file data.tsv (TSV, C-alpha atoms and all ligand atoms)
chain	number	residue	atom	x	y	z
P	1	MET	CA	-9.76	-20.15	3.84
P	2	MET	CA	-7.01	-22.62	3.10
P	3	LEU	CA	-4.64	-21.75	5.95
P	4	THR	CA	-5.91	-23.45	9.09
P	5	GLU	CA	-3.17	-22.52	11.59
P	6	ILE	CA	0.36	-21.22	11.84
P	7	ASP	CA	2.46	-24.39	11.95
P	8	HIS	CA	5.84	-22.79	12.54
P	9	ILE	CA	8.02	-19.73	12.29
P	10	ALA	CA	11.41	-20.77	10.93
P	11	ILE	CA	14.52	-18.95	12.11
P	12	ALA	CA	17.89	-19.42	10.40
P	13	VAL	CA	20.83	-19.64	12.81
P	14	HIS	CA	24.55	-20.36	12.58
P	15	ASP	CA	24.75	-22.54	15.71
P	16	LEU	CA	21.75	-24.77	16.35
P	17	ASP	CA	22.84	-25.93	19.82
P	18	ALA	CA	23.46	-22.36	20.96
P	19	ALA	CA	20.08	-21.21	19.64
P	20	VAL	CA	18.29	-24.14	21.32
P	21	ALA	CA	20.07	-23.37	24.60
P	22	TYR	CA	18.98	-19.74	24.32
P	23	TYR	CA	15.28	-20.61	23.90
P	24	GLU	CA	15.50	-23.23	26.67
P	25	SER	CA	17.20	-21.06	29.24
P	26	THR	CA	15.55	-17.74	28.38
P	27	PHE	CA	11.95	-18.84	27.76
P	28	GLY	CA	11.82	-22.38	29.17
P	29	CYS	CA	11.09	-23.83	25.73
P	30	VAL	CA	11.34	-27.58	25.22
P	31	VAL	CA	12.61	-29.28	22.06
P	32	ALA	CA	9.77	-31.38	20.68
P	33	HIS	CA	11.57	-32.70	17.64
P	34	ARG	CA	14.99	-32.60	16.05
P	35	GLU	CA	15.74	-33.81	12.55
P	36	LEU	CA	18.41	-33.78	9.88
P	37	ILE	CA	16.84	-33.21	6.46
P	38	GLU	CA	19.58	-34.36	4.13
P	39	THR	CA	17.84	-33.38	0.87
P	40	ASP	CA	17.51	-29.76	1.99
P	41	GLY	CA	20.92	-29.64	3.69
P	42	VAL	CA	19.45	-28.48	7.00
P	43	GLU	CA	19.14	-29.60	10.58
P	44	GLU	CA	16.11	-28.38	12.48
P	45	ALA	CA	14.93	-28.21	16.08
P	46	LEU	CA	11.24	-27.67	16.76
P	47	LEU	CA	10.23	-25.98	20.01
P	48	LYS	CA	6.54	-26.07	20.80
P	49	VAL	CA	4.73	-22.80	21.55
P	50	ALA	CA	1.01	-23.44	22.15
P	51	ASP	CA	-0.17	-25.26	18.99
P	52	SER	CA	2.66	-23.95	16.83
P	53	TYR	CA	6.42	-24.34	16.69
P	54	ILE	CA	9.51	-22.24	16.54
P	55	GLN	CA	11.69	-24.01	13.99
P	56	LEU	CA	15.39	-23.31	14.40
P	57	LEU	CA	17.24	-24.11	11.17
P	58	THR	CA	20.92	-24.44	10.46
P	59	PRO	CA	22.69	-25.52	7.25
P	60	THR	CA	24.57	-28.82	7.13
P	61	ARG	CA	26.51	-27.94	3.98
P	62	ASP	CA	27.68	-24.83	2.13
P	63	ASP	CA	25.39	-25.22	-0.89
P	64	SER	CA	22.18	-25.51	1.13
P	65	PRO	CA	19.61	-22.74	0.58
P	66	VAL	CA	19.77	-21.86	4.27
P	67	ALA	CA	23.56	-21.40	4.05
P	68	LYS	CA	23.04	-18.98	1.18
P	69	TYR	CA	20.33	-17.17	3.11
P	70	LEU	CA	22.62	-16.73	6.14
P	71	GLU	CA	25.37	-15.44	3.89
P	72	ARG	CA	23.08	-12.86	2.25
P	73	LYS	CA	20.84	-11.77	5.09
P	74	GLY	CA	22.33	-13.09	8.32
P	75	GLU	CA	20.39	-14.79	11.10
P	76	GLY	CA	16.67	-14.21	11.47
P	77	ILE	CA	13.22	-15.22	10.29
P	78	HIS	CA	13.53	-17.45	7.23
P	79	HIS	CA	9.97	-18.53	6.46
P	80	VAL	CA	6.47	-18.97	7.85
P	81	GLY	CA	4.81	-22.39	7.72
P	82	TYR	CA	1.01	-22.48	7.49
P	83	ARG	CA	-1.03	-25.63	8.05
P	84	VAL	CA	-3.33	-26.64	5.22
P	85	ASP	CA	-5.68	-29.59	4.88
P	86	ASP	CA	-4.57	-30.32	1.33
P	87	CYS	CA	-1.09	-29.20	0.29
P	88	ALA	CA	-1.54	-30.13	-3.38
P	89	ALA	CA	-4.79	-28.16	-3.64
P	90	ALA	CA	-3.32	-25.11	-1.90
P	91	LEU	CA	-0.23	-25.17	-4.13
P	92	ALA	CA	-2.37	-25.59	-7.26
P	93	GLN	CA	-4.39	-22.54	-6.23
P	94	VAL	CA	-1.22	-20.41	-5.95
P	95	ILE	CA	0.07	-21.62	-9.33
P	96	ALA	CA	-3.32	-21.16	-11.02
P	97	GLN	CA	-3.29	-17.52	-10.00
P	98	GLY	CA	0.06	-17.02	-11.68
P	99	TYR	CA	2.16	-16.62	-8.56
P	100	LYS	CA	5.67	-18.01	-8.26
P	101	THR	CA	6.38	-21.14	-6.24
P	102	ILE	CA	9.60	-22.93	-5.34
P	103	ASP	CA	8.00	-26.37	-5.56
P	104	GLN	CA	5.85	-27.47	-8.50
P	105	ALA	CA	4.48	-30.41	-6.53
P	106	PRO	CA	4.19	-31.29	-2.81
P	107	ARG	CA	7.11	-33.19	-1.28
P	108	PRO	CA	7.98	-34.82	2.05
P	109	GLY	CA	8.82	-32.42	4.90
P	110	SER	CA	10.01	-33.13	8.44
P	111	ARG	CA	7.87	-35.05	10.98
P	112	GLY	CA	6.29	-36.99	8.12
P	113	THR	CA	4.50	-33.92	6.79
P	114	THR	CA	3.83	-33.04	3.17
P	115	VAL	CA	5.05	-29.56	2.21
P	116	ALA	CA	5.45	-27.08	-0.65
P	117	PHE	CA	7.15	-23.69	-0.73
P	118	VAL	CA	5.73	-20.51	-2.26
P	119	HIS	CA	8.26	-18.05	-3.66
P	120	PRO	CA	8.78	-14.82	-1.68
P	121	LYS	CA	9.05	-12.78	-4.87
P	122	THR	CA	5.31	-12.74	-5.53
P	123	ALA	CA	4.37	-13.17	-1.83
P	124	PHE	CA	5.40	-9.73	-0.62
P	125	GLY	CA	8.84	-10.81	0.49
P	126	THR	CA	7.97	-13.80	2.68
P	127	LEU	CA	8.92	-17.38	1.90
P	128	ILE	CA	5.76	-19.37	2.67
P	129	GLU	CA	5.64	-23.08	3.43
P	130	LEU	CA	2.35	-24.96	3.08
P	131	VAL	CA	2.33	-27.81	5.62
P	132	GLN	CA	-0.05	-30.77	5.56
P	133	GLU	CA	0.16	-33.09	8.57
P	201	CO	CO	9.58	-25.02	7.61
call {"tool": "encode", "arguments": {"input": "data.tsv", "output": "structure tokens", "more": "lines below"}}
Ligand code: CO
result
Amino acid sequence: MMLTEIDHIAIAVHDLDAAVAYYESTFGCVVAHRELIETDGVEEALLKVADSYIQLLTPTRDDSPVAKYLERKGEGIHHVGYRVDDCAAALAQVIAQGYKTIDQAPRPGSRGTTVAFVHPKTAFGTLIELVQE
């Protein structure tokens, strides 16, 4: 079993501050981390829930994948991040079985993690992120 825990559920939103305020005031959530990821064109806020996070995502530019997602599908769940011990090994396993991936090799994620994305097309409609801490 390669997936050790659910790291985060990512939710695409138009207004990051408004979404953070909603989770804070409605559920008493606390922002554990906030980061601008320039290469992906997103800003994220991580709110801790037990050992996992809710990851609120908003685009920082029009050509970011999250901007396109919002345009097509509107706000809502964007991807699920699973923790793995070895991102490269987990990704290689997906590729070896002939399934589609977004990334061909692991790359830096937020919080100093190493990540790789698995394509939703051959994953029953869910964009999957493999997260190694
Ligand atoms: Co993520």
call {"tool": "closest_residue", "arguments": {"input": "data.tsv", "among": "P:Ile6, P:Ala12, P:Val49, P:Val131", "to": "Phe27 of chain P", "atoms": "all atoms listed in the file"}}
result
P:Val49
call {"tool": "closest_residue", "arguments": {"input": "data.tsv", "among": "P:Ala105, P:Leu46, P:Val20, P:Gly28", "to": "Gln93 of chain P", "atoms": "only C-alpha atoms"}}
result
P:Ala105
call {"tool": "atom_distance", "arguments": {"input": "data.tsv", "atom1": "atom CA of Glu35 of chain P", "atom2": "atom CA of Ser110 of chain P"}}
result
7.1 Å
call {"tool": "residues_around", "arguments": {"input": "data.tsv", "residues": "His119 of chain P", "least_positions_apart": "6", "cutoff": "7 Å", "atoms": "all atoms listed in the file", "output": "PyMOL selection string"}}
result
chain P and resi 100-102+127-128
call {"tool": "write_last_selection", "arguments": {"input": "data.tsv", "atoms": "C-alpha atoms", "output": "mmCIF file, in the coordinates of the input"}}
result
data_model
loop_
_atom_site.group_PDB
_atom_site.id
_atom_site.type_symbol
_atom_site.label_atom_id
_atom_site.label_comp_id
_atom_site.auth_asym_id
_atom_site.auth_seq_id
_atom_site.Cartn_x
_atom_site.Cartn_y
_atom_site.Cartn_z
ATOM 1 C CA LYS P 100 5.670 -18.010 -8.260
ATOM 2 C CA THR P 101 6.380 -21.140 -6.240
ATOM 3 C CA ILE P 102 9.600 -22.930 -5.340
ATOM 4 C CA LEU P 127 8.920 -17.380 1.900
ATOM 5 C CA ILE P 128 5.760 -19.370 2.670
#
call {"tool": "closest_residue", "arguments": {"input": "data.tsv", "among": "P:Glu44, P:Asp85, P:Glu5, P:Glu38", "to": "ligand CO 201 (chain P)", "atoms": "all atoms listed in the file"}}
result
P:Glu44
call {"tool": "residues_near_ligand", "arguments": {"input": "data.tsv", "ligand": "ligand CO 201 (chain P)", "cutoff": "10 Å", "atoms": "all atoms listed in the file", "output": "number ranges by chain"}}
result
P: 7-11, 44, 46, 53-57, 78-82, 109-110, 115-117, 127-131
call {"tool": "closest_residue", "arguments": {"input": "data.tsv", "among": "P:Ala50, P:Ile37, P:Ala19, P:Ala123", "to": "Ser64 of chain P", "atoms": "all atoms listed in the file"}}
result
P:Ile37
call {"tool": "residues_around", "arguments": {"input": "data.tsv", "residues": "Thr114 of chain P", "least_positions_apart": "6", "cutoff": "10 Å", "atoms": "only C-alpha atoms", "output": "list in words"}}
result
Val84, Asp86, Cys87, Ala88, Pro106, Arg107, Pro108, Leu130, Val131, Gln132 and Glu133 of chain P
call {"tool": "closest_residue", "arguments": {"input": "data.tsv", "among": "P:Leu16, P:Ile77, P:Asp103, P:Cys29", "to": "Gly125 of chain P", "atoms": "only C-alpha atoms"}}
result
P:Ile77
call {"tool": "atom_distance", "arguments": {"input": "data.tsv", "atom1": "atom CA of Tyr23 of chain P", "atom2": "atom CA of Glu43 of chain P"}}
result
16.5 Å
call {"tool": "atom_distance", "arguments": {"input": "data.tsv", "atom1": "atom CA of Val42 of chain P", "atom2": "atom CA of Pro59 of chain P"}}
result
4.4 Å
